[in-house]
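Peer 1: Structure file start07.cif (mmCIF, C-alpha atoms) right here:
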```cif
data_structure
#
loop_
_atom_site.label_atom_id
_atom_site.label_comp_id
_atom_site.auth_asym_id
_atom_site.auth_seq_id
_atom_site.Cartn_x
_atom_site.Cartn_y
_atom_site.Cartn_z
CA MET A 20 -16.78 12.08 -35.07
CA ILE A 21 -18.39 9.10 -36.78
CA TYR A 22 -17.38 5.71 -35.41
CA ASN A 23 -17.34 2.43 -37.31
CA HIS A 24 -20.39 0.48 -36.10
CA ASP A 25 -19.21 -2.52 -38.12
CA PHE A 26 -16.08 -2.86 -36.01
CA ASP A 27 -14.03 -6.06 -35.83
CA VAL A 28 -14.75 -7.55 -32.39
CA ASP A 29 -11.49 -9.48 -32.23
CA SER A 30 -9.56 -6.31 -33.03
CA VAL A 31 -11.37 -4.52 -30.18
CA PHE A 32 -10.47 -7.35 -27.80
CA GLU A 33 -6.84 -7.05 -28.89
CA ARG A 34 -6.83 -3.27 -28.30
CA LEU A 35 -8.42 -3.72 -24.86
CA ARG A 36 -5.78 -6.34 -23.97
CA THR A 37 -2.95 -4.06 -25.14
CA ILE A 38 -4.28 -1.15 -23.11
CA ASN A 39 -4.90 -3.35 -20.08
CA GLU A 40 -1.26 -4.49 -20.05
CA LYS A 41 -0.29 -0.97 -18.97
CA TYR A 42 -2.21 -1.22 -15.69
CA PRO A 43 -1.55 -3.36 -12.64
CA GLU A 44 -3.88 -6.30 -12.07
CA GLY A 45 -6.67 -5.33 -9.68
CA SER A 46 -6.42 -1.60 -10.42
CA PRO A 47 -9.61 0.34 -11.20
CA GLU A 48 -8.47 0.60 -14.84
CA ASP A 49 -7.88 -3.17 -15.03
CA GLU A 50 -11.34 -3.79 -13.63
CA ALA A 51 -13.03 -1.36 -16.03
CA LEU A 52 -11.27 -2.81 -19.08
CA ARG A 53 -12.12 -6.38 -18.04
CA ILE A 54 -15.77 -5.43 -17.53
CA ALA A 55 -15.88 -3.82 -20.99
CA ALA A 56 -14.24 -6.86 -22.60
CA VAL A 57 -16.54 -9.35 -20.89
CA ALA A 58 -19.60 -7.26 -21.79
CA LEU A 59 -18.59 -7.30 -25.45
CA PHE A 60 -17.82 -11.02 -25.24
CA TYR A 61 -21.30 -11.61 -23.74
CA VAL A 62 -22.96 -9.64 -26.54
CA ARG A 63 -21.15 -11.72 -29.13
CA GLU A 64 -21.75 -15.08 -27.39
CA THR A 65 -25.48 -14.43 -26.96
CA GLN A 66 -25.67 -13.54 -30.67
CA LYS A 67 -26.80 -9.98 -29.95
CA LEU A 68 -23.92 -8.34 -31.79
CA GLY A 69 -26.22 -7.11 -34.58
CA ASP A 70 -28.50 -5.44 -32.03
CA TYR A 71 -25.48 -3.91 -30.30
CA ARG A 72 -24.09 -2.61 -33.59
CA GLU A 73 -27.40 -0.85 -34.30
CA PHE A 74 -27.46 0.59 -30.76
CA PHE A 75 -23.84 1.72 -31.15
CA ARG A 76 -24.63 3.32 -34.51
CA SER A 77 -27.64 5.19 -33.15
CA PHE A 78 -25.73 6.26 -30.03
CA TYR A 79 -23.07 8.02 -32.09
CA THR A 80 -25.22 9.24 -34.98
CA PRO A 81 -26.13 12.93 -34.72
CA ALA A 82 -29.85 13.55 -34.31
CA ILE A 83 -29.88 15.54 -37.54
CA ASN A 84 -29.30 12.30 -39.45
CA TYR A 85 -32.62 10.95 -38.17
CA ILE A 86 -34.71 13.74 -39.65
CA VAL A 87 -36.88 12.48 -42.48
CA VAL A 88 -37.87 15.12 -45.01
CA ALA A 89 -41.27 14.49 -46.57
CA GLN A 90 -40.54 16.61 -49.66
CA ALA A 91 -37.73 18.78 -50.99
CA PHE A 92 -38.28 21.73 -53.30
CA ALA A 93 -35.96 24.00 -55.22
CA THR A 94 -38.26 27.01 -54.83
CA ARG A 95 -40.96 28.36 -52.56
CA GLU A 96 -43.36 28.36 -55.50
CA GLU A 97 -42.97 24.58 -55.96
CA ALA A 98 -43.62 24.09 -52.26
CA ASP A 99 -46.74 26.26 -52.41
CA VAL A 100 -48.12 24.13 -55.25
CA TRP A 101 -47.52 20.98 -53.19
CA LEU A 102 -49.13 22.53 -50.11
CA GLY A 103 -52.12 23.60 -52.18
CA SER A 104 -52.54 20.06 -53.55
CA GLY A 105 -53.63 18.75 -50.17
CA ALA A 106 -50.88 16.13 -50.09
CA ALA A 107 -49.14 17.74 -47.12
CA LYS A 108 -49.86 16.52 -43.60
CA GLU A 109 -49.53 18.61 -40.50
CA GLY A 110 -46.06 18.11 -39.05
CA ASP A 111 -44.42 17.09 -42.33
CA LEU A 112 -40.87 18.34 -42.65
CA VAL A 113 -39.99 19.95 -45.96
CA GLN A 114 -36.87 21.43 -47.46
CA ILE A 115 -37.13 24.54 -49.61
CA ALA A 116 -33.94 25.77 -51.28
CA GLY A 117 -31.85 23.97 -48.66
CA GLN A 118 -33.74 25.31 -45.64
CA GLY A 119 -35.96 23.23 -43.35
CA PHE A 120 -39.61 23.96 -42.60
CA GLN A 121 -42.51 22.18 -40.93
CA VAL A 122 -46.03 22.02 -42.33
CA MET A 123 -48.50 23.72 -40.00
CA PRO A 124 -52.13 24.70 -40.45
CA GLU A 125 -52.77 28.35 -41.18
CA ARG A 126 -53.94 30.32 -38.19
CA LYS A 127 -57.29 30.58 -39.94
CA GLY A 128 -57.54 26.83 -39.71
CA THR A 129 -57.71 26.14 -43.43
CA GLY A 130 -54.29 24.43 -43.65
#
```
Render the structure in this file as structure tokens.
Peer 2:
Amino acid sequence: MIYNHDFDVDSVFERLRTINEKYPEGSPEDEALRIAAVALFYVRETQKLGDYREFFRSFYTPAINYIVVAQAFATREEADVWLGSGAAKEGDLVQIAGQGFQVMPERKGTG
């Protein structure tokens, strides 16, 4: 599930308050919700909300979304031309006809 990293802080505070009303004061749930609310309040008051939003986004973003493809090709032949041009670097990630590959030197060492 993808979460909204550009959430409305005041709305979150309101939801936490509404949830907290269901628990007795001093209960473990009350304590946990208060800690979460104060932590978010601290982040906002210290003007670190932008940093937190980026952390939140990266925390819930699947690792696959961080993969950077160096080149994408419709066919293997196009990829072979690019590899032969010398533009490829060892470790580059490429996509050929929707499949992922990594550039590696040939076992002979010629690239």
Peer 1: Skip Val88 of chain A itself and residues of its chain fewer than 5 positions away, then list as a PyMOL selection string all residues within 10 Å of it, counting all atoms listed in the file.
Peer 2: chain A and resi 111-114+119-121
Peer 1: Go through the shown structure with the PyMOL selection byres ((chain A and resi 22) around 10) and write out the matching residues as a list in words.
Peer 2: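 On the file shown, the PyMOL selection byres ((chain A and resi 22) around 10) covers Met20, Ile21, Asn23, His24, Asp25, Phe26, Phe75, Arg76, Phe78, Tyr79 and Thr80 of chain A.
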Peer 1: Which distance in Å separates atom CA of Tyr42 of chain A and atom CA of Val57 of chain A, to one decimal?
Peer 2: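 That distance, rounded to one decimal, is 17.3 Å.
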Peer 1: What separation in Å, quoted to one decimal, exists between atom CA of Ile86 of chain A and atom CA of Asp70 of chain A?
Peer 2: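 Computing it gives 21.6 Å between the two atoms.
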Peer 1: Residues at most 12 Å from segment 98-100 of chain A, counting only C-alpha atoms, excluding those fewer than 4 positions away in the same chain, as a ChimeraX atom specification?
Peer 2: /A:89-94,104-107,112-116,118-122,130
Peer 1: Kindly give the distance, in Å, that separates atom CA of Gly110 of chain A and atom CA of Val87 of chain A, rounded to a single decimal.
Peer 2: 11.3 Å
Peer 1: Pick the closest to Gly117 of chain A from A:Arg95, A:Leu102, A:Phe74, A:Ile38: which is it, counting all atoms listed in the file?
Peer 2: A:Arg95
Peer 1: Counting all atoms listed in the file, note down every residue that has an atom within 10 Å of the point (-11.0, -10.4, -27.1) (file coordinates), as a list in words.
Peer 2: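 Residues close enough to count: Val28, Asp29, Ser30, Val31, Phe32, Glu33, Arg34, Leu35, Arg36, Arg53, Ala56, Val57, Leu59 and Phe60 of chain A.
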